[in-house]
file run.cif (mmCIF, C-alpha atoms and all ligand atoms)
data_run
loop_
_atom_site.label_atom_id
_atom_site.label_comp_id
_atom_site.auth_asym_id
_atom_site.auth_seq_id
_atom_site.Cartn_x
_atom_site.Cartn_y
_atom_site.Cartn_z
CA MET A 198 216.05 53.71 239.07
CA GLN A 199 217.19 56.25 241.70
CA LYS A 200 216.13 53.91 244.43
CA ILE A 201 218.25 51.15 242.97
CA VAL A 202 221.30 53.40 242.71
CA ARG A 203 220.81 54.43 246.33
CA THR A 204 220.51 50.81 247.45
CA ILE A 205 223.69 49.89 245.59
CA ALA A 206 225.55 52.90 247.03
CA LEU A 207 224.42 51.97 250.53
CA ALA A 208 225.51 48.36 250.10
CA TYR A 209 228.84 49.64 248.77
CA ASN A 210 229.50 51.92 251.76
CA ASN A 211 228.80 49.12 254.20
CA LEU A 212 231.47 46.94 252.67
CA PRO A 213 234.92 46.53 254.27
CA ARG A 214 237.64 48.58 252.55
CA PRO A 215 239.38 45.80 250.57
CA HIS A 216 235.99 44.79 249.17
CA ARG A 217 235.27 48.37 248.18
CA VAL A 218 238.58 48.64 246.34
CA MET A 219 237.82 45.34 244.59
CA LEU A 220 234.31 46.44 243.70
CA GLY A 221 235.53 49.81 242.47
CA SER A 222 238.04 48.23 240.13
CA LEU A 223 235.42 45.73 238.96
CA THR A 224 233.10 48.58 238.05
CA VAL A 225 235.89 50.30 236.10
CA VAL A 226 236.67 47.07 234.26
CA THR A 227 232.98 46.51 233.52
CA LEU A 228 232.59 50.00 232.10
CA ALA A 229 235.77 49.61 230.08
CA VAL A 230 234.44 46.38 228.58
CA ALA A 231 231.10 48.01 227.84
CA VAL A 232 232.77 50.87 225.96
CA TRP A 233 235.32 48.71 224.21
CA ARG A 234 233.70 46.98 221.24
CA PRO A 235 234.62 43.33 221.45
CA SER A 236 235.90 42.18 218.07
CA VAL A 237 234.16 38.83 218.49
CA TYR A 238 230.91 40.50 217.46
CA HIS A 239 232.29 41.80 214.21
CA PRO A 240 229.76 40.40 211.75
CA GLU A 241 232.47 39.13 209.39
CA HIS A 242 233.79 36.81 212.04
CA THR A 243 230.47 35.31 213.05
CA PRO A 244 228.75 32.47 211.24
CA ILE A 245 225.69 34.73 210.90
CA ALA A 246 227.02 36.27 207.73
CA LYS A 247 226.57 32.93 205.98
CA ASN A 248 223.11 32.27 207.31
CA VAL A 249 220.51 32.42 204.57
CA GLU A 250 217.70 32.91 207.08
CA LEU A 251 218.80 36.48 207.67
CA GLU A 252 217.44 38.37 204.65
CA SER A 253 215.19 41.12 206.07
CA ASN A 254 216.83 40.48 209.38
CA GLN A 255 220.39 41.65 208.64
CA VAL A 256 222.95 42.19 211.35
CA ARG A 257 224.09 45.76 211.79
CA SER A 258 226.02 47.03 214.75
CA LEU A 259 226.09 44.36 217.39
CA ALA A 260 228.33 46.13 219.85
CA PRO A 261 226.77 47.32 223.06
CA GLU A 262 226.91 51.03 223.88
CA ALA A 263 227.19 52.55 227.32
CA SER A 264 223.98 53.67 229.04
CA GLU A 265 221.78 51.47 226.87
CA PRO A 266 218.73 49.93 228.53
CA ILE A 267 219.27 46.53 230.10
CA ASP A 268 217.66 44.35 232.72
CA VAL A 269 218.77 45.42 236.18
CA GLU A 270 218.95 41.80 237.19
CA GLN A 271 218.96 38.59 235.26
CA PRO A 272 215.25 37.93 234.87
CA THR A 273 214.17 34.56 236.15
CA PRO A 274 210.70 33.58 235.07
CA ASP A 275 208.37 32.77 237.95
CA ASP A 276 207.40 29.49 236.41
CA ASP A 277 209.75 27.36 234.47
CA ILE A 278 208.85 25.95 231.09
CA PRO A 279 206.55 23.02 231.82
CA GLN A 280 208.45 19.79 231.41
CA ASP A 281 207.36 16.23 230.99
CA GLU A 282 208.88 12.81 231.38
CA LEU A 283 210.77 13.16 228.12
CA ASP A 284 212.61 16.24 229.34
CA GLN A 285 214.25 14.51 232.25
CA LYS A 286 217.95 14.23 231.73
CA VAL A 287 219.64 10.89 231.45
CA ALA A 288 221.32 9.99 234.73
CA GLY A 289 224.97 11.01 234.69
CA GLU A 290 224.39 13.40 231.78
CA GLU A 291 223.44 16.38 233.92
CA GLY A 292 225.19 19.49 232.68
CA VAL A 293 226.65 17.80 229.61
CA HIS A 294 226.43 19.94 226.47
CA GLU A 295 226.28 18.09 223.18
CA TYR A 296 226.87 19.25 219.65
CA VAL A 297 227.00 17.54 216.25
CA VAL A 298 229.54 19.19 213.94
CA SER A 299 227.98 20.60 210.78
CA THR A 300 229.08 22.58 207.70
CA GLY A 301 231.39 25.49 208.39
CA ASP A 302 231.86 24.72 212.08
CA THR A 303 235.18 25.16 213.83
CA LEU A 304 236.01 24.40 217.44
CA SER A 305 235.86 28.10 218.28
CA SER A 306 232.63 28.84 216.39
CA ILE A 307 230.95 25.99 218.26
CA LEU A 308 232.24 26.75 221.73
CA THR A 309 231.95 30.53 221.63
CA GLN A 310 228.20 30.32 221.03
CA TYR A 311 227.96 28.56 224.37
CA GLY A 312 229.95 31.36 225.97
CA ILE A 313 233.20 29.46 226.49
CA GLU A 314 236.25 31.72 226.89
CA MET A 315 238.29 32.28 223.73
CA SER A 316 241.51 31.89 225.75
CA ASP A 317 240.52 28.33 226.73
CA ILE A 318 239.62 27.47 223.15
CA THR A 319 242.95 28.84 221.88
CA LEU A 320 244.86 26.95 224.56
CA LEU A 321 243.06 23.73 223.72
CA SER A 322 243.59 23.96 219.96
CA SER A 323 247.22 25.07 220.23
CA GLN A 324 248.03 22.10 222.47
CA ASN A 325 245.98 19.69 220.37
CA ARG A 326 246.20 20.66 216.72
CA ASP A 327 244.04 17.71 215.63
CA LEU A 328 241.06 19.61 217.01
CA ARG A 329 241.38 21.93 214.03
CA ASN A 330 240.18 19.12 211.79
CA LEU A 331 236.66 18.56 212.99
CA LYS A 332 234.54 16.61 210.51
CA ILE A 333 230.85 16.94 209.78
CA GLY A 334 228.76 14.50 211.82
CA GLN A 335 231.30 14.07 214.64
CA GLN A 336 229.99 14.69 218.10
CA LEU A 337 231.43 17.01 220.73
CA SER A 338 230.27 17.04 224.32
CA TRP A 339 231.59 19.04 227.23
CA THR A 340 231.05 20.04 230.83
CA LEU A 341 231.79 23.29 232.63
CA ASN A 342 233.14 23.85 236.11
CA ASP A 343 231.46 26.01 238.77
CA ALA A 344 233.07 29.17 237.38
CA GLY A 345 231.47 28.46 234.00
CA ASP A 346 234.79 27.52 232.39
CA LEU A 347 235.44 24.48 230.25
CA GLN A 348 236.21 21.44 232.41
CA ARG A 349 236.15 18.50 230.01
CA LEU A 350 235.68 18.15 226.26
CA THR A 351 234.97 14.84 224.56
CA TRP A 352 235.43 14.44 220.82
CA GLU A 353 233.96 11.39 219.14
CA ILE A 354 236.17 11.05 216.10
CA SER A 355 234.48 7.88 214.97
CA ARG A 356 232.43 5.16 216.55
CA ARG A 357 235.66 3.52 217.60
CA GLU A 358 237.78 6.45 218.65
CA THR A 359 237.12 9.03 221.32
CA ARG A 360 239.43 11.71 222.69
CA THR A 361 238.93 13.49 225.96
CA TYR A 362 240.54 16.75 227.10
CA GLU A 363 240.40 17.35 230.83
CA ARG A 364 241.41 20.58 232.51
CA VAL A 365 244.51 19.95 234.62
CA GLY A 366 246.36 22.92 236.11
CA ASN A 367 246.94 25.50 233.36
CA GLY A 368 246.24 23.20 230.47
CA PHE A 369 244.20 20.33 229.11
CA LYS A 370 245.27 16.71 229.35
CA GLU A 371 244.40 14.53 226.39
CA SER A 372 243.37 10.88 226.69
CA LYS A 373 242.48 8.57 223.82
CA GLU A 374 240.09 5.69 223.93
CA THR A 375 239.54 3.07 221.27
CA LEU A 376 236.56 0.82 221.64
CA LYS A 377 236.85 -2.80 220.74
CA GLY A 378 233.23 -3.88 220.71
CA GLU A 379 231.17 -5.15 217.80
CA TRP A 380 228.57 -2.94 216.16
CA ARG A 381 225.29 -4.68 215.40
CA ASN A 382 222.04 -3.40 214.05
CA SER A 383 218.84 -4.20 215.85
CA VAL A 384 215.23 -3.32 215.18
CA LEU A 385 213.08 -2.61 218.22
CA SER A 386 209.36 -2.20 217.83
CA GLY A 387 206.33 -1.77 219.98
CA GLN A 388 202.97 -0.16 220.59
CA LEU A 389 201.92 2.77 222.70
CA ASN A 390 200.51 1.66 226.01
CA GLY A 391 200.89 4.49 228.47
CA SER A 392 203.55 7.13 227.79
CA PHE A 393 206.03 6.89 224.94
CA VAL A 394 208.89 6.60 227.44
CA SER A 395 207.39 3.59 229.17
CA SER A 396 206.29 1.95 225.90
CA ALA A 397 209.71 2.45 224.31
CA SER A 398 211.58 1.13 227.33
CA ALA A 399 209.23 -1.89 227.33
CA ALA A 400 210.36 -2.42 223.72
CA GLY A 401 213.99 -2.46 224.88
CA LEU A 402 215.22 1.09 224.28
CA ASN A 403 217.33 2.75 226.94
CA ARG A 404 216.91 6.33 228.04
CA ALA A 405 219.52 7.83 225.71
CA GLU A 406 217.99 5.94 222.78
CA ILE A 407 214.50 7.20 223.64
CA ASN A 408 215.83 10.76 223.72
CA ALA A 409 217.42 10.25 220.31
CA VAL A 410 214.09 9.06 218.89
CA THR A 411 212.09 11.99 220.27
CA LYS A 412 214.69 14.44 218.98
CA ALA A 413 214.67 12.89 215.50
CA LEU A 414 210.87 13.13 215.22
CA GLN A 415 210.40 16.39 217.11
CA TRP A 416 209.40 18.50 214.10
CA GLN A 417 206.78 16.04 212.91
CA LEU A 418 205.13 14.78 216.06
CA ASP A 419 204.06 15.94 219.48
CA PHE A 420 204.90 12.94 221.64
CA ARG A 421 202.42 14.00 224.29
CA LYS A 422 199.61 13.53 221.79
CA LEU A 423 200.39 9.92 220.85
CA ARG A 424 197.53 7.50 221.50
CA LYS A 425 197.25 4.00 222.81
CA GLY A 426 197.83 1.58 219.95
CA ASP A 427 200.14 3.89 217.95
CA GLN A 428 203.06 1.83 216.67
CA PHE A 429 206.76 2.41 216.31
CA ALA A 430 209.85 0.70 214.94
CA VAL A 431 213.39 1.84 215.60
CA LEU A 432 216.63 0.77 213.94
CA MET A 433 219.54 1.10 216.34
CA SER A 434 223.19 0.38 215.71
CA ARG A 435 224.58 -0.82 219.01
CA GLU A 436 228.09 -1.54 220.06
CA GLU A 437 228.29 -4.68 222.10
CA PHE A 438 231.25 -5.46 224.28
CA ASP A 439 231.38 -8.56 226.48
CA GLY A 440 227.74 -9.18 225.62
CA LYS A 441 226.67 -5.77 226.91
CA SER A 442 225.55 -2.79 224.87
CA GLU A 443 228.06 0.02 225.45
CA GLN A 444 226.74 2.72 223.19
CA SER A 445 224.36 3.10 220.32
CA GLN A 446 223.37 5.24 217.40
CA LEU A 447 219.86 5.76 216.03
CA LEU A 448 219.76 5.01 212.29
CA GLY A 449 216.07 5.40 211.60
CA VAL A 450 212.64 5.52 213.14
CA ARG A 451 209.08 5.03 211.95
CA MET A 452 206.07 6.03 213.95
CA ARG A 453 202.49 5.21 212.95
CA SER A 454 200.05 7.52 214.65
CA GLY A 455 196.40 7.98 213.69
CA GLY A 456 196.95 5.78 210.62
CA LYS A 457 199.76 7.97 209.29
CA ASP A 458 203.43 7.04 209.05
CA TYR A 459 206.21 9.41 210.12
CA TYR A 460 209.85 8.69 209.32
CA ALA A 461 213.18 10.16 210.29
CA ILE A 462 216.37 8.61 208.87
CA ARG A 463 219.90 9.55 209.84
CA ALA A 464 222.22 10.95 207.16
CA GLU A 465 226.04 10.99 207.11
CA ASP A 466 226.00 14.49 208.61
CA GLY A 467 224.42 13.15 211.81
CA LYS A 468 221.10 14.89 211.13
CA PHE A 469 217.70 13.42 210.40
CA TYR A 470 215.70 13.89 207.23
CA ASP A 471 212.46 12.54 205.81
CA ARG A 472 212.33 9.83 203.14
CA GLN A 473 212.89 12.36 200.35
CA GLY A 474 215.94 13.91 202.01
CA SER A 475 214.13 17.11 202.99
CA GLY A 476 215.04 18.83 206.23
CA LEU A 477 212.55 18.31 209.01
CA ALA A 478 213.09 21.55 210.89
CA ARG A 479 211.64 24.73 209.47
CA GLY A 480 214.26 27.45 209.70
CA PHE A 481 214.37 30.00 212.49
CA MET A 482 214.70 33.74 212.11
CA ARG A 483 217.85 35.12 213.71
CA PHE A 484 216.07 38.05 215.39
CA PRO A 485 212.59 38.36 216.91
CA THR A 486 211.78 41.67 215.22
CA MET A 487 211.23 42.91 211.66
CA LYS A 488 214.36 45.02 211.73
CA GLN A 489 217.40 44.45 213.83
CA PHE A 490 217.84 46.70 216.84
CA ARG A 491 221.03 47.59 218.67
CA ILE A 492 222.19 45.19 221.36
CA SER A 493 222.35 46.94 224.72
CA SER A 494 223.61 43.91 226.66
CA ASN A 495 225.17 40.78 225.23
CA PHE A 496 224.71 37.14 226.14
CA ASN A 497 227.20 36.45 228.93
CA PRO A 498 227.15 33.25 230.99
CA ARG A 499 229.82 34.69 233.30
CA ARG A 500 228.36 38.13 233.93
CA LEU A 501 229.21 39.16 237.49
CA ASN A 502 226.71 40.82 239.74
CA PRO A 503 228.63 43.95 240.83
CA VAL A 504 227.04 43.91 244.27
CA THR A 505 227.36 40.27 245.27
CA GLY A 506 230.40 39.53 243.09
CA ARG A 507 228.75 36.27 242.16
CA VAL A 508 228.27 34.92 238.67
CA ALA A 509 224.82 36.00 237.53
CA PRO A 510 224.63 34.81 233.94
CA HIS A 511 222.92 36.95 231.35
CA ARG A 512 221.16 34.16 229.50
CA GLY A 513 219.87 36.27 226.67
CA VAL A 514 220.50 39.33 224.59
CA ASP A 515 218.97 42.75 225.27
CA PHE A 516 217.82 44.71 222.24
CA SER A 517 217.15 48.39 222.72
CA MET A 518 213.86 49.28 220.98
CA PRO A 519 210.94 51.68 221.34
CA VAL A 520 207.98 50.58 223.45
CA GLY A 521 205.30 48.98 221.28
CA THR A 522 207.61 47.37 218.69
CA PRO A 523 205.98 44.13 217.47
CA VAL A 524 207.85 41.07 218.76
CA LEU A 525 207.79 38.06 216.45
CA ALA A 526 208.09 34.33 217.09
CA VAL A 527 211.42 33.21 215.59
CA GLY A 528 210.05 29.79 214.63
CA ASP A 529 206.97 27.57 214.57
CA GLY A 530 205.93 26.36 217.99
CA GLU A 531 203.55 26.37 220.89
CA VAL A 532 203.21 29.07 223.55
CA VAL A 533 204.05 27.51 226.91
CA ALA A 534 203.92 30.63 229.07
CA ALA A 535 202.46 34.13 228.72
CA LYS A 536 202.28 35.96 232.02
CA TYR A 537 203.69 38.64 234.31
CA GLY A 538 206.69 38.17 236.63
CA SER A 539 208.24 40.81 238.91
CA ASP A 540 211.70 40.53 237.27
CA THR A 541 210.71 39.48 233.77
CA GLY A 542 207.72 41.79 233.37
CA ASN A 543 205.26 40.46 230.83
CA TYR A 544 206.92 37.56 229.12
CA VAL A 545 206.21 34.87 226.59
CA ALA A 546 207.92 31.50 226.27
CA ILE A 547 207.59 29.36 223.16
CA ARG A 548 208.56 25.77 222.70
CA HIS A 549 209.76 24.77 219.22
CA GLY A 550 209.83 21.01 218.67
CA ARG A 551 211.41 19.26 221.64
CA GLN A 552 214.84 20.81 221.45
CA TYR A 553 214.34 24.56 221.37
CA THR A 554 212.69 27.13 223.59
CA THR A 555 212.65 30.91 223.16
CA ARG A 556 211.73 33.55 225.75
CA TYR A 557 210.75 37.18 225.26
CA MET A 558 210.71 39.50 228.29
CA HIS A 559 209.78 43.00 229.55
CA LEU A 560 206.88 43.16 227.07
CA LYS A 561 204.31 45.90 227.26
CA LYS A 562 201.74 43.32 226.31
CA ALA A 563 201.59 39.66 225.30
CA LEU A 564 199.40 38.94 222.28
CA VAL A 565 199.24 35.15 222.72
CA LYS A 566 197.96 32.64 225.26
CA PRO A 567 199.51 29.48 226.68
CA GLY A 568 198.70 26.47 224.53
CA GLN A 569 198.37 28.55 221.37
CA LYS A 570 200.10 27.20 218.25
CA ILE A 571 202.07 29.82 216.38
CA LYS A 572 204.00 30.11 213.14
CA ARG A 573 207.35 31.71 212.48
CA GLY A 574 206.93 35.48 212.16
CA ASP A 575 203.64 35.66 214.11
CA ARG A 576 203.29 38.65 216.41
CA ILE A 577 203.45 37.38 219.96
CA GLY A 578 203.66 40.66 221.86
CA LEU A 579 204.62 44.32 221.93
CA SER A 580 207.96 45.29 223.41
CA GLY A 581 208.00 47.35 226.58
CA ASN A 582 209.80 48.23 229.77
CA THR A 583 208.03 46.08 232.36
CA GLY A 584 209.66 44.22 235.26
CA ARG A 585 213.23 45.01 236.35
CA SER A 586 214.38 46.99 233.37
CA THR A 587 216.24 50.29 233.03
CA GLY A 588 214.65 51.37 229.76
CA PRO A 589 212.61 50.14 226.82
CA HIS A 590 214.15 46.92 225.56
CA LEU A 591 213.51 43.30 224.71
CA HIS A 592 215.35 40.54 226.54
CA TYR A 593 215.44 37.54 224.20
CA GLU A 594 216.66 34.02 225.06
CA LEU A 595 217.27 30.94 222.94
CA TRP A 596 217.61 27.59 224.67
CA THR A 597 218.65 24.34 223.05
CA ASN A 598 218.48 21.09 224.99
CA GLN A 599 217.68 23.09 228.11
CA GLN A 600 220.85 25.18 227.83
CA ALA A 601 220.84 28.88 227.12
CA VAL A 602 222.95 29.72 224.06
CA ASN A 603 223.98 32.98 222.44
CA PRO A 604 221.07 33.78 220.09
CA VAL A 605 223.33 35.99 217.95
CA THR A 606 225.87 33.28 217.11
CA ALA A 607 224.04 29.99 217.71
CA LYS A 608 223.51 27.59 214.85
CA LEU A 609 219.83 27.73 214.12
CA PRO A 610 217.64 24.96 212.75
CA ARG A 611 217.57 25.32 209.00
CA SER A 612 215.02 24.15 206.53
CA GLU A 613 217.33 23.05 203.75
CA GLY A 614 217.35 19.44 202.74
CA LEU A 615 220.15 17.44 201.18
CA SER A 616 221.29 17.95 197.62
CA GLY A 617 223.70 16.50 195.10
CA LYS A 618 225.80 13.53 196.15
CA ASP A 619 224.75 13.88 199.80
CA ARG A 620 221.17 13.37 198.70
CA SER A 621 221.82 10.37 196.48
CA ASP A 622 223.89 8.73 199.26
CA TYR A 623 221.06 9.44 201.62
CA LEU A 624 218.37 7.99 199.35
CA ALA A 625 220.41 4.80 199.03
CA GLN A 626 220.52 4.67 202.83
CA VAL A 627 216.73 5.19 203.01
CA LYS A 628 216.23 2.21 200.68
CA GLU A 629 218.14 0.03 203.12
CA VAL A 630 216.67 1.35 206.34
CA VAL A 631 212.97 1.80 205.60
CA PRO A 632 212.16 -1.87 204.81
CA GLN A 633 213.70 -2.84 208.16
CA LEU A 634 211.32 -0.63 210.07
CA GLN A 635 208.58 -3.24 210.39
CA LEU A 636 205.81 -2.54 212.83
CA ASP A 637 204.58 -5.24 215.22
ZN ZN B 701 218.60 40.89 229.41
#

call {"tool": "encode", "arguments": {"input": "run.cif", "output": "structure tokens", "more": "lines below"}}
Ligand SMILES: [Zn+2]
result
Amino acid sequence: MQKIVRTIALAYNNLPRPHRVMLGSLTVVTLAVAVWRPSVYHPEHTPIAKNVELESNQVRSLAPEASEPIDVEQPTPDDDIPQDELDQKVAGEEGVHEYVVSTGDTLSSILTQYGIEMSDITLLSSQNRDLRNLKIGQQLSWTLNDAGDLQRLTWEISRRETRTYERVGNGFKESKETLKGEWRNSVLSGQLNGSFVSSASAAGLNRAEINAVTKALQWQLDFRKLRKGDQFAVLMSREEFDGKSEQSQLLGVRMRSGGKDYYAIRAEDGKFYDRQGSGLARGFMRFPTMKQFRISSNFNPRRLNPVTGRVAPHRGVDFSMPVGTPVLAVGDGEVVAAKYGSDTGNYVAIRHGRQYTTRYMHLKKALVKPGQKIKRGDRIGLSGNTGRSTGPHLHYELWTNQQAVNPVTAKLPRSEGLSGKDRSDYLAQVKEVVPQLQLD
């Protein structure tokens, strides 16, 4: 620790005077922010309070306190999560965040969990009041600029109508687009011969459609374990314009693997359920420990490195806890990494379905091995103070679609299925879709 302080002090003294003044004021501002308790973490204002998964995992004080243990630097694992063909991003979609609006969401609850500045969200919704009326099942997508600020937001109001808000000067410029194409349903089917990606594209699915299929079935199937001869049928609704397919929506998929059929059918809310209307994702715990510990450093995609002045995002949350506290897997999954890194210390990474990854760092000891299947609540390690860390704490990250999100506010996969009218509407939909999913 002393050595680090000395290094920083030395670097500071070598700086030209204007830089030193700048750095000094930055440090003061940083400390002020650390002491000031940001109201955004008041539990009553976060969606957490409504989350039924909390139970024994209740939120207490979430505000960071000064001199709490944190990582000295943003830990970067030595090896990245192993990726396969399915993880490659669709060309032109690099850096695009996507979100399907669900119950209780507002523009600000959605965007703040991705670390977008409240001032930008307020500006956007005061200029464009329609954005206050988001509906369940609508899709939002957005990109950020180099500074990590919102650059463009796209709101798909319906299949026909899209609005885009582009940052121009001190505001956002709105443009509306109405599509004139024809929507047609088509069934595409095929057999596994090689990877799923190549087999599905041979059956006529494009890359975005293949991604939609793997996402819909992610909680039931491991696509890497499909075998030659496994069969699939996909019902797509495609918009055709001038004879070309412009965009599409997955309505349902059936996969027969090892003699067993797996289904995922889209409901009105934009999510996928099984044939009975049950949710396919098992819920996640909000926190990776039995009790909730104080946060010593919040998720912050724009955290500045005080020495370099560059953006060095804090992609997770630091929880201050005694060495040896059992660390639990927040959801069912497979261990993809369990090893030591000089920054991260001992760390464990878990992949949950295809969409989610969690990482647990600075452990005293990992209790799992790569390739191991684990269940929600399993002990995966003991917390510690290994790697670049200023005191005993756990650095915890939650990634969805290869983007780090704020684990404290993010919408988590939930296990609930549909009920009431939503369920009866859905079952009627299943009756129409399932018979169309004929295998070759
Ligand atoms: Zn951290």

call {"tool": "residues_around", "arguments": {"input": "run.cif", "residues": "region 310-321 of chain A", "least_positions_apart": "6", "cutoff": "7 Å", "atoms": "only C-alpha atoms", "output": "MDAnalysis selection string"}}
result
chainID A and resid 346:347 369 497:498 602:603 606:607

call {"tool": "closest_atom_pairs", "arguments": {"input": "run.cif", "of": "chain A", "to": "ligand ZN 701 (chain B)", "cutoff": "12 Å", "atoms": "all atoms listed in the file", "output": "JSON lines"}}
result
{"residue": "A:Glu265", "atom": "CA", "partner": "B:ZN701", "partner_atom": "ZN", "distance": 11.3}
{"residue": "A:Pro266", "atom": "CA", "partner": "B:ZN701", "partner_atom": "ZN", "distance": 9.1}
{"residue": "A:Ile267", "atom": "CA", "partner": "B:ZN701", "partner_atom": "ZN", "distance": 5.7}
{"residue": "A:Asp268", "atom": "CA", "partner": "B:ZN701", "partner_atom": "ZN", "distance": 4.9}
{"residue": "A:Val269", "atom": "CA", "partner": "B:ZN701", "partner_atom": "ZN", "distance": 8.1}
{"residue": "A:Glu270", "atom": "CA", "partner": "B:ZN701", "partner_atom": "ZN", "distance": 7.8}
{"residue": "A:Gln271", "atom": "CA", "partner": "B:ZN701", "partner_atom": "ZN", "distance": 6.3}
{"residue": "A:Pro272", "atom": "CA", "partner": "B:ZN701", "partner_atom": "ZN", "distance": 7.1}
{"residue": "A:Thr273", "atom": "CA", "partner": "B:ZN701", "partner_atom": "ZN", "distance": 10.3}
{"residue": "A:Ile492", "atom": "CA", "partner": "B:ZN701", "partner_atom": "ZN", "distance": 9.8}
{"residue": "A:Ser493", "atom": "CA", "partner": "B:ZN701", "partner_atom": "ZN", "distance": 8.5}
{"residue": "A:Ser494", "atom": "CA", "partner": "B:ZN701", "partner_atom": "ZN", "distance": 6.5}
{"residue": "A:Asn495", "atom": "CA", "partner": "B:ZN701", "partner_atom": "ZN", "distance": 7.8}
{"residue": "A:Phe496", "atom": "CA", "partner": "B:ZN701", "partner_atom": "ZN", "distance": 7.9}
{"residue": "A:Asn497", "atom": "CA", "partner": "B:ZN701", "partner_atom": "ZN", "distance": 9.7}
{"residue": "A:Pro498", "atom": "CA", "partner": "B:ZN701", "partner_atom": "ZN", "distance": 11.6}
{"residue": "A:Arg500", "atom": "CA", "partner": "B:ZN701", "partner_atom": "ZN", "distance": 11.1}
{"residue": "A:Ala509", "atom": "CA", "partner": "B:ZN701", "partner_atom": "ZN", "distance": 11.3}
{"residue": "A:Pro510", "atom": "CA", "partner": "B:ZN701", "partner_atom": "ZN", "distance": 9.7}
{"residue": "A:His511", "atom": "CA", "partner": "B:ZN701", "partner_atom": "ZN", "distance": 6.2}
{"residue": "A:Arg512", "atom": "CA", "partner": "B:ZN701", "partner_atom": "ZN", "distance": 7.2}
{"residue": "A:Gly513", "atom": "CA", "partner": "B:ZN701", "partner_atom": "ZN", "distance": 5.5}
{"residue": "A:Val514", "atom": "CA", "partner": "B:ZN701", "partner_atom": "ZN", "distance": 5.4}
{"residue": "A:Asp515", "atom": "CA", "partner": "B:ZN701", "partner_atom": "ZN", "distance": 4.6}
{"residue": "A:Phe516", "atom": "CA", "partner": "B:ZN701", "partner_atom": "ZN", "distance": 8.2}
{"residue": "A:Ser517", "atom": "CA", "partner": "B:ZN701", "partner_atom": "ZN", "distance": 10.2}
{"residue": "A:Asp540", "atom": "CA", "partner": "B:ZN701", "partner_atom": "ZN", "distance": 10.5}
{"residue": "A:Thr541", "atom": "CA", "partner": "B:ZN701", "partner_atom": "ZN", "distance": 9.1}
{"residue": "A:Gly542", "atom": "CA", "partner": "B:ZN701", "partner_atom": "ZN", "distance": 11.6}
{"residue": "A:Arg556", "atom": "CA", "partner": "B:ZN701", "partner_atom": "ZN", "distance": 10.7}
{"residue": "A:Tyr557", "atom": "CA", "partner": "B:ZN701", "partner_atom": "ZN", "distance": 9.6}
{"residue": "A:Met558", "atom": "CA", "partner": "B:ZN701", "partner_atom": "ZN", "distance": 8.1}
{"residue": "A:His559", "atom": "CA", "partner": "B:ZN701", "partner_atom": "ZN", "distance": 9.1}
{"residue": "A:Asn582", "atom": "CA", "partner": "B:ZN701", "partner_atom": "ZN", "distance": 11.5}
{"residue": "A:Gly584", "atom": "CA", "partner": "B:ZN701", "partner_atom": "ZN", "distance": 11.2}
{"residue": "A:Arg585", "atom": "CA", "partner": "B:ZN701", "partner_atom": "ZN", "distance": 9.7}
{"residue": "A:Ser586", "atom": "CA", "partner": "B:ZN701", "partner_atom": "ZN", "distance": 8.4}
{"residue": "A:Thr587", "atom": "CA", "partner": "B:ZN701", "partner_atom": "ZN", "distance": 10.3}
{"residue": "A:Gly588", "atom": "CA", "partner": "B:ZN701", "partner_atom": "ZN", "distance": 11.2}
{"residue": "A:Pro589", "atom": "CA", "partner": "B:ZN701", "partner_atom": "ZN", "distance": 11.3}
{"residue": "A:His590", "atom": "CA", "partner": "B:ZN701", "partner_atom": "ZN", "distance": 8.4}
{"residue": "A:Leu591", "atom": "CA", "partner": "B:ZN701", "partner_atom": "ZN", "distance": 7.3}
{"residue": "A:His592", "atom": "CA", "partner": "B:ZN701", "partner_atom": "ZN", "distance": 4.3}
{"residue": "A:Tyr593", "atom": "CA", "partner": "B:ZN701", "partner_atom": "ZN", "distance": 7.0}
{"residue": "A:Glu594", "atom": "CA", "partner": "B:ZN701", "partner_atom": "ZN", "distance": 8.4}
{"residue": "A:Leu595", "atom": "CA", "partner": "B:ZN701", "partner_atom": "ZN", "distance": 11.9}
{"residue": "A:Asn603", "atom": "CA", "partner": "B:ZN701", "partner_atom": "ZN", "distance": 11.8}
{"residue": "A:Pro604", "atom": "CA", "partner": "B:ZN701", "partner_atom": "ZN", "distance": 12.0}

call {"tool": "residues_near_point", "arguments": {"input": "run.cif", "point": "(237.5, 7.3, 214.6)", "cutoff": "12 Å", "atoms": "only C-alpha atoms", "output": "count of residues only"}}
result
19

call {"tool": "axis_aligned_box", "arguments": {"input": "run.cif", "around": "region 609-619 of chain A", "padding_each_side": "4 Å", "output": "JSON"}}
result
{"center_x": 220.4, "center_y": 20.6, "center_z": 204.6, "size_x": 18.8, "size_y": 22.2, "size_z": 27.0}

call {"tool": "closest_residue", "arguments": {"input": "run.cif", "among": "A:Arg507, A:Lys536, A:Arg551, A:Arg620", "to": "Asp343 (chain A)", "atoms": "all atoms listed in the file"}}
result
A:Arg507

call {"tool": "residues_around", "arguments": {"input": "run.cif", "residues": "region 635-637 of chain A", "least_positions_apart": "2", "cutoff": "12 Å", "atoms": "all atoms listed in the file", "output": "list in words"}}
result
Ser383, Val384, Leu385, Ser386, Gly387, Gln388, Leu389, Ala400, Gly426, Asp427, Gln428, Phe429, Ala430, Val431, Leu432, Gly449, Val450, Arg451, Met452, Arg453, Ser454, Asp458, Val630, Val631, Pro632 and Gln633 of chain A

call {"tool": "closest_residue", "arguments": {"input": "run.cif", "among": "A:Glu629, A:Leu448, A:Ser580, A:Gln415", "to": "Asp529 (chain A)", "atoms": "only C-alpha atoms"}}
result
A:Gln415
